[in-house]
Amino acid sequence: MDEISAAQIEALHAQLLELVEQLQATLDSTRDAARPVELDQTTMGRVSRIDAIQQQKMIEASRRNQTVRLRQARAALARIADDEYGDCLKCDEPIGTARLTARPESPFCVACQGRAEKTR
């Protein structure tokens, strides 16, 4: 894997800051939509209730994913501050600039991420 340069880290830092801001804004704006669905059976048909519940479940799943990414992005910012950014947290090998450019919050290299996903 290739080492990441100081200029690349600076660009990724800016990208992470923007990602944190976007994720937080999205989480804030979807907070109300994730609340339990009030089902008034006198005004909603059965299909409408099922649709409302399904939509709520999708929003909840999306919010969980966004919360994980937000946590990872903040952790990546902390690793930048500690001068530890860019190395896999499992194997200590460089994560690689292509992966970090695509997902700057990535804590693992492709190989370790793949192994972690297989064990789920």
# chains A, B, ... in the order shown; residues from 1 in each chain; ligands from 1
call {"tool": "closest_atom_pairs", "arguments": {"of": "range 41-114 of chain A", "to": "range 15-19 of chain A", "cutoff": "8 Å", "atoms": "only C-alpha atoms", "output": "CSV"}}
result
residue,atom,partner,partner_atom,distance
A:Leu70,CA,A:Leu19,CA,7.8
A:Ala73,CA,A:Leu16,CA,6.0
A:Arg74,CA,A:Leu16,CA,7.9
A:Ala76,CA,A:Leu16,CA,7.8
A:Leu77,CA,A:Leu16,CA,7.0
A:Pro104,CA,A:Leu16,CA,6.4
A:Glu105,CA,A:Leu16,CA,7.0
call {"tool": "write_last_selection", "arguments": {"atoms": "N, CA and C atoms", "output": "CSV table (one decimal), in the first residue's frame"}}
result
chain,number,residue,atom,x,y,z
A,70,LEU,N,-20.7,8.7,11.3
A,70,LEU,CA,-20.4,9.9,12.1
A,70,LEU,C,-19.3,9.6,13.1
A,73,ALA,N,-16.0,9.0,11.4
A,73,ALA,CA,-15.5,10.2,10.9
A,73,ALA,C,-14.8,11.0,12.1
A,74,ARG,N,-15.5,11.1,13.2
A,74,ARG,CA,-14.9,11.8,14.4
A,74,ARG,C,-13.7,11.1,14.9
A,76,ALA,N,-11.7,9.3,13.0
A,76,ALA,CA,-10.6,9.6,12.0
A,76,ALA,C,-10.0,11.0,12.2
A,77,LEU,N,-10.9,12.0,12.6
A,77,LEU,CA,-10.4,13.3,12.9
A,77,LEU,C,-9.5,13.3,14.1
A,104,PRO,N,-13.0,8.4,3.7
A,104,PRO,CA,-12.0,8.9,4.6
A,104,PRO,C,-12.1,8.5,6.0
A,105,GLU,N,-13.3,8.1,6.4
A,105,GLU,CA,-13.5,7.6,7.8
A,105,GLU,C,-13.1,6.2,8.0
call {"tool": "select_by_dssp", "arguments": {"residues": "range 82-116 of chain A", "states": "alpha helix (DSSP H)", "output": "PyMOL selection string"}}
result
chain A and resi 97-102+110-116
call {"tool": "closest_residue", "arguments": {"among": "A:Lys57, A:Val110, A:Lys118, A:Ala98", "to": "Gln8 in chain A", "atoms": "only C-alpha atoms"}}
result
A:Ala98
call {"tool": "closest_residue", "arguments": {"among": "A:Cys112, A:Ala81, A:Val20, A:Glu10", "to": "Pro94 in chain A", "atoms": "only C-alpha atoms"}}
result
A:Cys112
call {"tool": "closest_residue", "arguments": {"among": "A:Asp28, A:Ile4, A:Thr97, A:Gln66", "to": "Glu84 in chain A", "atoms": "only C-alpha atoms"}}
result
A:Ile4
call {"tool": "atom_distance", "arguments": {"atom1": "CA of Gln22 in chain A", "atom2": "CA of Gly114 in chain A"}}
result
26.6 Å
call {"tool": "closest_residue", "arguments": {"among": "A:Ile80, A:Glu93, A:Arg99, A:Glu21", "to": "Ala6 in chain A", "atoms": "only C-alpha atoms"}}
result
A:Ile80
call {"tool": "atom_distance", "arguments": {"atom1": "CA of Asp92 in chain A", "atom2": "CA of Arg115 in chain A"}}
result
15.0 Å
